[in-house]
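Text of model_18.pdb, listed as PDB, C-alpha atoms and all ligand atoms:
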```pdb
ATOM      1  CA  MET A   1     154.144 127.168 214.275  1.00  0.00           C
ATOM      2  CA  GLY A   2     156.889 125.189 216.103  1.00  0.00           C
ATOM      3  CA  PRO A   3     160.518 124.608 215.098  1.00  0.00           C
ATOM      4  CA  ALA A   4     159.662 121.169 213.645  1.00  0.00           C
ATOM      5  CA  HIS A   5     157.564 122.958 211.043  1.00  0.00           C
ATOM      6  CA  ILE A   6     160.098 125.673 210.412  1.00  0.00           C
ATOM      7  CA  GLN A   7     162.961 123.271 209.681  1.00  0.00           C
ATOM      8  CA  PRO A   8     161.297 120.087 208.406  1.00  0.00           C
ATOM      9  CA  ALA A   9     164.411 119.195 206.411  1.00  0.00           C
ATOM     10  CA  LEU A  10     166.550 118.851 209.518  1.00  0.00           C
ATOM     11  CA  ARG A  11     165.269 116.014 211.685  1.00  0.00           C
ATOM     12  CA  SER A  12     167.749 113.096 211.491  1.00  0.00           C
ATOM     13  CA  ARG A  13     171.144 112.993 213.237  1.00  0.00           C
ATOM     14  CA  ASP A  14     172.907 113.788 209.955  1.00  0.00           C
ATOM     15  CA  ASP A  15     170.507 116.648 209.428  1.00  0.00           C
ATOM     16  CA  ARG A  16     171.116 118.093 212.868  1.00  0.00           C
ATOM     17  CA  LEU A  17     174.831 118.233 212.010  1.00  0.00           C
ATOM     18  CA  VAL A  18     173.891 119.885 208.728  1.00  0.00           C
ATOM     19  CA  SER A  19     171.865 122.493 210.633  1.00  0.00           C
ATOM     20  CA  LEU A  20     174.957 123.541 212.640  1.00  0.00           C
ATOM     21  CA  TYR A  21     176.537 124.285 209.303  1.00  0.00           C
ATOM     22  CA  ALA A  22     173.575 126.365 208.081  1.00  0.00           C
ATOM     23  CA  PRO A  23     175.019 129.853 208.775  1.00  0.00           C
ATOM     24  CA  VAL A  24     178.239 128.851 206.986  1.00  0.00           C
ATOM     25  CA  PHE A  25     176.238 127.534 204.025  1.00  0.00           C
ATOM     26  CA  THR A  26     174.335 130.828 203.916  1.00  0.00           C
ATOM     27  CA  ALA A  27     177.599 132.802 203.897  1.00  0.00           C
ATOM     28  CA  ILE A  28     179.237 130.763 201.108  1.00  0.00           C
ATOM     29  CA  TYR A  29     176.116 130.135 198.993  1.00  0.00           C
ATOM     30  CA  ASP A  30     176.392 133.058 196.562  1.00  0.00           C
ATOM     31  CA  PRO A  31     180.153 132.646 195.962  1.00  0.00           C
ATOM     32  CA  LEU A  32     179.652 128.883 195.386  1.00  0.00           C
ATOM     33  CA  LEU A  33     177.021 129.550 192.747  1.00  0.00           C
ATOM     34  CA  ALA A  34     178.620 132.646 191.194  1.00  0.00           C
ATOM     35  CA  TRP A  35     180.304 130.961 188.209  1.00  0.00           C
ATOM     36  CA  GLY A  36     177.173 129.005 187.332  1.00  0.00           C
ATOM     37  CA  GLU A  37     175.042 132.147 187.650  1.00  0.00           C
ATOM     38  CA  ARG A  38     177.303 134.073 185.288  1.00  0.00           C
ATOM     39  CA  THR A  39     177.462 131.281 182.698  1.00  0.00           C
ATOM     40  CA  GLY A  40     173.764 130.578 182.280  1.00  0.00           C
ATOM     41  CA  MET A  41     171.788 130.131 185.494  1.00  0.00           C
ATOM     42  CA  ARG A  42     171.019 133.845 185.853  1.00  0.00           C
ATOM     43  CA  ASP A  43     169.570 133.913 182.312  1.00  0.00           C
ATOM     44  CA  LEU A  44     167.626 130.712 182.968  1.00  0.00           C
ATOM     45  CA  ARG A  45     166.109 132.223 186.139  1.00  0.00           C
ATOM     46  CA  ARG A  46     165.028 135.289 184.151  1.00  0.00           C
ATOM     47  CA  ASP A  47     163.591 133.180 181.359  1.00  0.00           C
ATOM     48  CA  VAL A  48     161.553 130.882 183.633  1.00  0.00           C
ATOM     49  CA  LEU A  49     160.391 133.683 185.947  1.00  0.00           C
ATOM     50  CA  SER A  50     159.216 135.784 182.989  1.00  0.00           C
ATOM     51  CA  GLY A  51     156.064 133.658 183.319  1.00  0.00           C
ATOM     52  CA  ALA A  52     155.334 134.863 186.873  1.00  0.00           C
ATOM     53  CA  THR A  53     152.088 136.808 187.218  1.00  0.00           C
ATOM     54  CA  GLY A  54     149.812 138.164 189.955  1.00  0.00           C
ATOM     55  CA  GLU A  55     150.306 137.047 193.562  1.00  0.00           C
ATOM     56  CA  VAL A  56     153.576 135.106 193.639  1.00  0.00           C
ATOM     57  CA  LEU A  57     154.907 132.744 196.309  1.00  0.00           C
ATOM     58  CA  GLU A  58     158.525 131.588 196.266  1.00  0.00           C
ATOM     59  CA  LEU A  59     159.585 128.459 198.179  1.00  0.00           C
ATOM     60  CA  GLY A  60     163.023 128.136 199.805  1.00  0.00           C
ATOM     61  CA  ALA A  61     164.129 131.541 198.556  1.00  0.00           C
ATOM     62  CA  GLY A  62     167.651 131.147 200.017  1.00  0.00           C
ATOM     63  CA  THR A  63     169.734 134.292 199.612  1.00  0.00           C
ATOM     64  CA  GLY A  64     167.276 135.822 197.143  1.00  0.00           C
ATOM     65  CA  LEU A  65     169.035 135.079 193.864  1.00  0.00           C
ATOM     66  CA  ASN A  66     165.704 135.271 192.001  1.00  0.00           C
ATOM     67  CA  ILE A  67     164.742 138.710 193.249  1.00  0.00           C
ATOM     68  CA  ASN A  68     165.971 140.670 190.204  1.00  0.00           C
ATOM     69  CA  ALA A  69     164.531 138.153 187.768  1.00  0.00           C
ATOM     70  CA  TYR A  70     160.857 138.862 188.475  1.00  0.00           C
ATOM     71  CA  PRO A  71     158.951 140.716 185.738  1.00  0.00           C
ATOM     72  CA  PRO A  72     156.618 143.715 186.266  1.00  0.00           C
ATOM     73  CA  THR A  73     153.613 141.354 185.857  1.00  0.00           C
ATOM     74  CA  VAL A  74     154.129 140.361 189.505  1.00  0.00           C
ATOM     75  CA  ALA A  75     151.603 142.146 191.746  1.00  0.00           C
ATOM     76  CA  SER A  76     153.003 140.914 195.067  1.00  0.00           C
ATOM     77  CA  LEU A  77     155.897 138.697 196.098  1.00  0.00           C
ATOM     78  CA  THR A  78     156.021 136.477 199.197  1.00  0.00           C
ATOM     79  CA  LEU A  79     159.350 134.751 199.906  1.00  0.00           C
ATOM     80  CA  THR A  80     159.327 131.698 202.194  1.00  0.00           C
ATOM     81  CA  GLU A  81     162.416 130.095 203.663  1.00  0.00           C
ATOM     82  CA  PRO A  82     162.864 127.808 206.707  1.00  0.00           C
ATOM     83  CA  GLU A  83     166.502 128.577 207.571  1.00  0.00           C
ATOM     84  CA  ALA A  84     166.887 131.522 209.976  1.00  0.00           C
ATOM     85  CA  SER A  85     170.206 132.781 208.592  1.00  0.00           C
ATOM     86  CA  MET A  86     168.776 132.812 205.053  1.00  0.00           C
ATOM     87  CA  VAL A  87     165.651 134.615 206.317  1.00  0.00           C
ATOM     88  CA  LYS A  88     167.881 137.398 207.713  1.00  0.00           C
ATOM     89  CA  ARG A  89     169.479 137.783 204.281  1.00  0.00           C
ATOM     90  CA  LEU A  90     166.079 137.959 202.587  1.00  0.00           C
ATOM     91  CA  GLN A  91     164.896 140.635 205.021  1.00  0.00           C
ATOM     92  CA  ARG A  92     167.756 142.866 203.851  1.00  0.00           C
ATOM     93  CA  LEU A  93     166.767 142.650 200.159  1.00  0.00           C
ATOM     94  CA  GLY A  94     165.524 145.712 198.297  1.00  0.00           C
ATOM     95  CA  GLY A  95     162.029 145.836 196.852  1.00  0.00           C
ATOM     96  CA  HIS A  96     160.436 144.895 200.186  1.00  0.00           C
ATOM     97  CA  PRO A  97     159.020 141.473 199.422  1.00  0.00           C
ATOM     98  CA  ARG A  98     157.058 139.820 202.251  1.00  0.00           C
ATOM     99  CA  VAL A  99     159.396 137.308 203.957  1.00  0.00           C
ATOM    100  CA  VAL A 100     157.885 134.383 205.896  1.00  0.00           C
ATOM    101  CA  GLN A 101     159.879 131.752 207.766  1.00  0.00           C
ATOM    102  CA  ALA A 102     158.306 128.457 206.689  1.00  0.00           C
ATOM    103  CA  GLY A 103     159.107 125.117 205.087  1.00  0.00           C
ATOM    104  CA  ALA A 104     157.399 124.075 201.881  1.00  0.00           C
ATOM    105  CA  GLU A 105     155.684 121.108 203.560  1.00  0.00           C
ATOM    106  CA  ASP A 106     153.588 123.338 205.810  1.00  0.00           C
ATOM    107  CA  LEU A 107     152.805 126.654 204.133  1.00  0.00           C
ATOM    108  CA  PRO A 108     150.995 129.121 206.406  1.00  0.00           C
ATOM    109  CA  PHE A 109     148.681 130.414 203.652  1.00  0.00           C
ATOM    110  CA  ASP A 110     145.053 129.888 202.662  1.00  0.00           C
ATOM    111  CA  GLU A 111     144.140 127.649 199.782  1.00  0.00           C
ATOM    112  CA  ASN A 112     143.953 129.303 196.343  1.00  0.00           C
ATOM    113  CA  ALA A 113     146.015 132.248 197.656  1.00  0.00           C
ATOM    114  CA  PHE A 114     148.538 132.519 194.787  1.00  0.00           C
ATOM    115  CA  ASP A 115     148.612 132.733 190.983  1.00  0.00           C
ATOM    116  CA  THR A 116     152.208 131.546 190.726  1.00  0.00           C
ATOM    117  CA  VAL A 117     154.466 129.419 192.924  1.00  0.00           C
ATOM    118  CA  VAL A 118     158.223 129.455 192.273  1.00  0.00           C
ATOM    119  CA  SER A 119     160.687 126.735 193.241  1.00  0.00           C
ATOM    120  CA  THR A 120     164.302 126.962 192.129  1.00  0.00           C
ATOM    121  CA  LEU A 121     166.786 124.373 193.452  1.00  0.00           C
ATOM    122  CA  VAL A 122     164.457 123.587 196.363  1.00  0.00           C
ATOM    123  CA  LEU A 123     162.618 120.310 195.678  1.00  0.00           C
ATOM    124  CA  CYS A 124     166.036 118.607 195.881  1.00  0.00           C
ATOM    125  CA  THR A 125     166.313 119.700 199.520  1.00  0.00           C
ATOM    126  CA  VAL A 126     162.860 119.514 201.072  1.00  0.00           C
ATOM    127  CA  GLU A 127     162.432 116.581 203.440  1.00  0.00           C
ATOM    128  CA  ASP A 128     159.116 115.471 201.917  1.00  0.00           C
ATOM    129  CA  PRO A 129     158.692 116.547 198.269  1.00  0.00           C
ATOM    130  CA  ASP A 130     155.283 114.837 197.962  1.00  0.00           C
ATOM    131  CA  GLN A 131     153.909 116.830 200.889  1.00  0.00           C
ATOM    132  CA  ALA A 132     155.527 120.024 199.545  1.00  0.00           C
ATOM    133  CA  LEU A 133     153.835 119.504 196.169  1.00  0.00           C
ATOM    134  CA  ARG A 134     150.486 118.859 197.869  1.00  0.00           C
ATOM    135  CA  GLU A 135     150.946 122.200 199.599  1.00  0.00           C
ATOM    136  CA  VAL A 136     151.804 123.887 196.292  1.00  0.00           C
ATOM    137  CA  ARG A 137     148.578 122.543 194.782  1.00  0.00           C
ATOM    138  CA  ARG A 138     146.598 123.705 197.801  1.00  0.00           C
ATOM    139  CA  VAL A 139     147.832 127.322 197.715  1.00  0.00           C
ATOM    140  CA  LEU A 140     147.703 127.675 193.902  1.00  0.00           C
ATOM    141  CA  ARG A 141     144.520 129.080 192.401  1.00  0.00           C
ATOM    142  CA  PRO A 142     142.827 126.948 189.715  1.00  0.00           C
ATOM    143  CA  GLY A 143     144.820 127.535 186.518  1.00  0.00           C
ATOM    144  CA  GLY A 144     147.823 128.791 188.518  1.00  0.00           C
ATOM    145  CA  ARG A 145     151.329 127.697 187.599  1.00  0.00           C
ATOM    146  CA  LEU A 146     154.350 126.272 189.347  1.00  0.00           C
ATOM    147  CA  LEU A 147     157.509 127.755 187.816  1.00  0.00           C
ATOM    148  CA  LEU A 148     160.583 125.747 188.523  1.00  0.00           C
ATOM    149  CA  ILE A 149     164.229 125.100 187.926  1.00  0.00           C
ATOM    150  CA  GLU A 150     165.370 121.939 189.679  1.00  0.00           C
ATOM    151  CA  HIS A 151     168.386 119.687 189.343  1.00  0.00           C
ATOM    152  CA  VAL A 152     167.265 116.103 188.981  1.00  0.00           C
ATOM    153  CA  ARG A 153     168.208 112.453 188.750  1.00  0.00           C
ATOM    154  CA  SER A 154     169.996 111.885 185.451  1.00  0.00           C
ATOM    155  CA  SER A 155     168.225 109.974 182.692  1.00  0.00           C
ATOM    156  CA  ARG A 156     171.656 108.505 181.846  1.00  0.00           C
ATOM    157  CA  PRO A 157     172.067 105.308 183.905  1.00  0.00           C
ATOM    158  CA  ARG A 158     175.806 105.789 184.455  1.00  0.00           C
ATOM    159  CA  LEU A 159     175.446 109.312 185.845  1.00  0.00           C
ATOM    160  CA  ALA A 160     172.411 108.234 187.915  1.00  0.00           C
ATOM    161  CA  ARG A 161     174.564 105.504 189.512  1.00  0.00           C
ATOM    162  CA  ILE A 162     177.249 108.086 190.354  1.00  0.00           C
ATOM    163  CA  GLN A 163     174.546 110.346 191.838  1.00  0.00           C
ATOM    164  CA  ASP A 164     173.407 107.418 194.024  1.00  0.00           C
ATOM    165  CA  ARG A 165     176.974 106.728 195.149  1.00  0.00           C
ATOM    166  CA  LEU A 166     177.763 110.359 195.999  1.00  0.00           C
ATOM    167  CA  HIS A 167     174.358 111.139 197.459  1.00  0.00           C
ATOM    168  CA  ARG A 168     175.333 110.991 201.149  1.00  0.00           C
ATOM    169  CA  PRO A 169     178.536 113.087 201.093  1.00  0.00           C
ATOM    170  CA  TRP A 170     176.873 115.579 198.744  1.00  0.00           C
ATOM    171  CA  ARG A 171     173.901 115.861 201.083  1.00  0.00           C
ATOM    172  CA  ALA A 172     176.284 116.726 203.952  1.00  0.00           C
ATOM    173  CA  ILE A 173     178.122 119.487 202.107  1.00  0.00           C
ATOM    174  CA  GLY A 174     175.054 120.704 200.182  1.00  0.00           C
ATOM    175  CA  TYR A 175     172.858 121.489 203.205  1.00  0.00           C
ATOM    176  CA  GLY A 176     170.541 118.501 202.803  1.00  0.00           C
ATOM    177  CA  CYS A 177     170.524 118.524 198.977  1.00  0.00           C
ATOM    178  CA  ASN A 178     169.616 115.176 197.333  1.00  0.00           C
ATOM    179  CA  CYS A 179     171.465 114.990 194.018  1.00  0.00           C
ATOM    180  CA  ASN A 180     169.614 111.840 192.838  1.00  0.00           C
ATOM    181  CA  ARG A 181     165.999 112.892 193.352  1.00  0.00           C
ATOM    182  CA  ASP A 182     163.483 112.055 190.612  1.00  0.00           C
ATOM    183  CA  THR A 183     161.533 115.316 190.755  1.00  0.00           C
ATOM    184  CA  ILE A 184     159.714 114.771 187.431  1.00  0.00           C
ATOM    185  CA  GLU A 185     158.214 111.586 188.869  1.00  0.00           C
ATOM    186  CA  ALA A 186     157.219 113.437 192.066  1.00  0.00           C
ATOM    187  CA  LEU A 187     155.535 116.181 190.007  1.00  0.00           C
ATOM    188  CA  ARG A 188     153.576 113.631 187.958  1.00  0.00           C
ATOM    189  CA  ASN A 189     152.553 111.723 191.092  1.00  0.00           C
ATOM    190  CA  ALA A 190     151.316 115.001 192.570  1.00  0.00           C
ATOM    191  CA  GLY A 191     149.098 115.532 189.518  1.00  0.00           C
ATOM    192  CA  PHE A 192     151.109 118.183 187.667  1.00  0.00           C
ATOM    193  CA  ASP A 193     151.226 118.287 183.884  1.00  0.00           C
ATOM    194  CA  THR A 194     154.968 118.264 183.157  1.00  0.00           C
ATOM    195  CA  THR A 195     154.814 118.490 179.361  1.00  0.00           C
ATOM    196  CA  ALA A 196     155.881 122.171 179.324  1.00  0.00           C
ATOM    197  CA  LEU A 197     159.086 121.407 181.267  1.00  0.00           C
ATOM    198  CA  ARG A 198     162.316 121.179 179.345  1.00  0.00           C
ATOM    199  CA  ASP A 199     165.734 119.732 180.063  1.00  0.00           C
ATOM    200  CA  ALA A 200     168.583 122.153 180.745  1.00  0.00           C
ATOM    201  CA  ARG A 201     172.082 122.036 182.170  1.00  0.00           C
ATOM    202  CA  TRP A 202     173.585 123.791 185.194  1.00  0.00           C
ATOM    203  CA  ARG A 203     176.870 124.767 183.656  1.00  0.00           C
ATOM    204  CA  ARG A 204     180.112 125.069 185.645  1.00  0.00           C
ATOM    205  CA  MET A 205     178.683 122.919 188.449  1.00  0.00           C
ATOM    206  CA  PRO A 206     179.612 119.346 189.459  1.00  0.00           C
ATOM    207  CA  ALA A 207     178.244 116.726 187.037  1.00  0.00           C
ATOM    208  CA  ILE A 208     175.932 115.189 189.666  1.00  0.00           C
ATOM    209  CA  VAL A 209     173.835 118.383 189.843  1.00  0.00           C
ATOM    210  CA  ARG A 210     174.120 119.411 186.205  1.00  0.00           C
ATOM    211  CA  PRO A 211     170.915 117.842 184.792  1.00  0.00           C
ATOM    212  CA  LEU A 212     168.098 120.369 185.227  1.00  0.00           C
ATOM    213  CA  ILE A 213     164.404 120.604 184.459  1.00  0.00           C
ATOM    214  CA  ALA A 214     163.056 124.093 183.841  1.00  0.00           C
ATOM    215  CA  GLY A 215     159.786 125.747 182.946  1.00  0.00           C
ATOM    216  CA  SER A 216     156.216 125.624 184.194  1.00  0.00           C
ATOM    217  CA  ALA A 217     153.955 122.879 185.484  1.00  0.00           C
ATOM    218  CA  GLN A 218     150.209 123.176 185.938  1.00  0.00           C
ATOM    219  CA  ALA A 219     147.975 121.094 188.126  1.00  0.00           C
ATOM    220  CA  ALA A 220     146.267 118.677 185.722  1.00  0.00           C
TER     221      ALA A 220
HETATM  222  C1  LIG B 301     170.015 125.195 197.065  1.00  0.00           C
HETATM  223  S1  LIG B 301     169.156 126.336 198.041  1.00  0.00           S
HETATM  224  C2  LIG B 301     168.208 127.228 196.792  1.00  0.00           C
HETATM  225  C3  LIG B 301     167.976 128.660 197.154  1.00  0.00           C
HETATM  226  C4  LIG B 301     167.258 129.501 196.087  1.00  0.00           C
HETATM  227  N1  LIG B 301     165.937 128.991 195.827  1.00  0.00           N
HETATM  228  C5  LIG B 301     168.038 129.589 194.807  1.00  0.00           C
HETATM  229  O1  LIG B 301     167.473 129.344 193.727  1.00  0.00           O
HETATM  230  O2  LIG B 301     169.218 129.955 194.869  1.00  0.00           O
HETATM  231  C6  LIG B 301     167.921 125.372 198.828  1.00  0.00           C
HETATM  232  C7  LIG B 301     167.044 126.186 199.738  1.00  0.00           C
HETATM  233  O3  LIG B 301     165.960 125.383 200.226  1.00  0.00           O
HETATM  234  C8  LIG B 301     165.762 125.684 201.587  1.00  0.00           C
HETATM  235  N2  LIG B 301     165.037 124.592 202.245  1.00  0.00           N
HETATM  236  C9  LIG B 301     165.519 123.573 202.996  1.00  0.00           C
HETATM  237  N3  LIG B 301     164.523 122.800 203.443  1.00  0.00           N
HETATM  238  C10 LIG B 301     163.370 123.339 202.979  1.00  0.00           C
HETATM  239  C11 LIG B 301     161.990 123.027 203.119  1.00  0.00           C
HETATM  240  N4  LIG B 301     161.600 121.964 203.799  1.00  0.00           N
HETATM  241  N5  LIG B 301     161.102 123.838 202.533  1.00  0.00           N
HETATM  242  C12 LIG B 301     161.489 124.918 201.803  1.00  0.00           C
HETATM  243  N6  LIG B 301     162.781 125.259 201.627  1.00  0.00           N
HETATM  244  C13 LIG B 301     163.708 124.483 202.201  1.00  0.00           C
HETATM  245  C14 LIG B 301     167.165 125.881 202.107  1.00  0.00           C
HETATM  246  O4  LIG B 301     167.188 126.558 203.351  1.00  0.00           O
HETATM  247  C15 LIG B 301     167.773 126.684 200.982  1.00  0.00           C
HETATM  248  O5  LIG B 301     167.539 128.052 201.121  1.00  0.00           O
END
```
The structure in this file should be written as C-alpha cells.
Ligand SMILES: C[S@@+](CC[C@H](N)C(=O)[O-])C[C@H]1O[C@@H](n2cnc3c(N)ncnc32)[C@H](O)[C@@H]1O
Amino acid sequence: MGPAHIQPALRSRDDRLVSLYAPVFTAIYDPLLAWGERTGMRDLRRDVLSGATGEVLELGAGTGLNINAYPPTVASLTLTEPEASMVKRLQRLGGHPRVVQAGAEDLPFDENAFDTVVSTLVLCTVEDPDQALREVRRVLRPGGRLLLIEHVRSSRPRLARIQDRLHRPWRAIGYGCNCNRDTIEALRNAGFDTTALRDARWRRMPAIVRPLIAGSAQAA
C-alpha cells in the first residue's frame, strides 16, 4: 500500500501544509480535548461503545481515547489510523490491540471481517466519506453495526452558516477537520439506517463542532 493510500486526507496544497503540522496536532490532541472529555465526551464514548461486540475495527483511532471504553464483549480490537505520529502513540497503548496504518477509504481487510466498526470524530476528517462508508459496509458482516460519535453540520441555519464561514480556517487548525459536514446525509446515501442515532452535544468545545450524532447505524 503506497503513501497515497495511507494519507488519503492529505492531497491538496492546504492538506500538505496540514500534514507538516501532524506531529504537533498529535502532541496537543489530548490536552485540547481534555475539558470536553471530562465534561461528557468520555461518558458518551463509554455509552456508545457499550454496544461493541465480537471482532471490532476502529477507524482513525487517533491517540486511543476510546481504548478504555470498550466492554468485555469485544473479542478482538483492530485500530486503524493513517497518520504515522498517531500510529506510534497507538502502538504504546496497553491491552495490545492490533494497530494498522490505513485510511478509512482503503481498508486492508477482507469483506465481512468485523462485527462492529467504530468511528468517533473521524468522518469529519476523511477525504472521501462516501468511499469510507462503502468500505465500512464491505468489511462489516451482515447484521453488523457501525458505532459512531461524529460532530455534524448544524440543523440550525444560523449555526450552519457560521460553520460554512469558518470551515477553511478550522480545517487548517483541526488537521483537515470539516466542521460543516452533513454526515447523516452521507450515512443515508451509503444505505445505513440512521433511526437509532441521537443528537448530542460536545460540551466545552467551540460552537461549530458542538452538534453531535451518536449511537449505532446498521446497513439497511
Ligand atoms: C479528530 S481525530 C479523532 C481521533 C479519535 N477517533 C478520537 O475519537 O479521539 C481524527 C482522526 O482521523 C484521522 N484521519 C485523518 N484522515 C483519515 C482517513 N482518511 N481515514 C481514517 N482516519 C483519518 C486523523 O489522523 C485523526 O487521528
key: Within 12 Å of A:Leu212 using only C-alpha atoms, minus same-chain residues under 4 positions, as number ranges by chain   = A: 41, 44, 120-121, 123-124, 148-155, 179-184, 197-203, 205, 207-208
ask   = Mind telling me what the PyMOL selection byres (((chain A and resi 90) around 12) and not hetatm) catches here, as a ChimeraX atom specification?
value = /A:26,58,60-67,78-89,91-101
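Here atom CA of A:Gly174 and atom C2 of ligand LIG 301 (chain B) stand 10.0 Å from one another.
Restricting the calculation to all atoms listed in the file, the smallest distance between ligand LIG 301 (chain B) and any of A:Ala69, A:Ala52, A:Ala75, A:Ala102 is found for A:Ala102.
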Counting only C-alpha atoms, what is within 12 Å of A:Pro169, bar same-chain residues fewer than 5 positions away, as an mmCIF file with C-alpha atoms, keeping the file's coordinate frame?
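Below is the file that was written, selection24.cif:
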```cif
data_model
loop_
_atom_site.group_PDB
_atom_site.id
_atom_site.type_symbol
_atom_site.label_atom_id
_atom_site.label_comp_id
_atom_site.auth_asym_id
_atom_site.auth_seq_id
_atom_site.Cartn_x
_atom_site.Cartn_y
_atom_site.Cartn_z
ATOM 1 C CA ASP A 14 172.907 113.788 209.955
ATOM 2 C CA VAL A 18 173.891 119.885 208.728
ATOM 3 C CA ILE A 162 177.249 108.086 190.354
ATOM 4 C CA GLN A 163 174.546 110.346 191.838
ATOM 5 C CA ASP A 164 173.407 107.418 194.024
ATOM 6 C CA GLY A 174 175.054 120.704 200.182
ATOM 7 C CA TYR A 175 172.858 121.489 203.205
ATOM 8 C CA GLY A 176 170.541 118.501 202.803
ATOM 9 C CA CYS A 177 170.524 118.524 198.977
ATOM 10 C CA ASN A 178 169.616 115.176 197.333
ATOM 11 C CA CYS A 179 171.465 114.990 194.018
ATOM 12 C CA ILE A 208 175.932 115.189 189.666
#
```
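Pairwise distance (atom CA of A:Asp106, atom CA of A:Ala132) equals 7.3 Å.
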task = Using the chain letters and residue numbers of this document, give as a VMD selection string the residues selected by the PyMOL selection byres (((chain A and resi 217) around 12) and not hetatm).
result = chain A and resid 48 51 116 to 119 133 136 to 137 140 143 to 149 183 to 184 186 to 188 190 to 198 213 to 216 218 to 220
message = When you count all atoms listed in the file, which of these residues is closest to ligand LIG 301 (chain B): A:Val74, A:Leu33, A:Ala113, A:Leu49?
response = A:Leu33
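Atom CA of A:Glu105 to atom CA of A:Ala27 spans 24.8 Å [interatomic distance, one decimal].
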message = With distances taken over all atoms listed in the file, which residue among A:Glu127, A:Asp43, A:Asp110, A:Glu37 lies nearest ligand LIG 301 (chain B)?
response = A:Glu127
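With distances taken over only C-alpha atoms and all ligand atoms, A:Arg45 is the one residue among A:Arg45, A:Arg134, A:Arg210, A:Arg141 lying closest to ligand LIG 301 (chain B).
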Please give the centre and size of the box around stretch 60-65 of chain A (axis-aligned, containing every atom listed in the file, 6 Å added per side), with values in Å to one decimal and written as JSON.
```
{"center_x": 166.4, "center_y": 132.0, "center_z": 196.9, "size_x": 18.7, "size_y": 19.7, "size_z": 18.2}
```
ask   = Using all atoms listed in the file, which of the listed residues (A:Asp128, A:Glu185, A:Asp47, A:Glu55) sits closest to ligand LIG 301 (chain B)?
value = A:Asp128
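In terms of minimum interatomic distance to ligand LIG 301 (chain B), A:Gln131 ranks closest within A:Gln131, A:Gly40, A:Gly54, A:Ala160, counting all atoms listed in the file.
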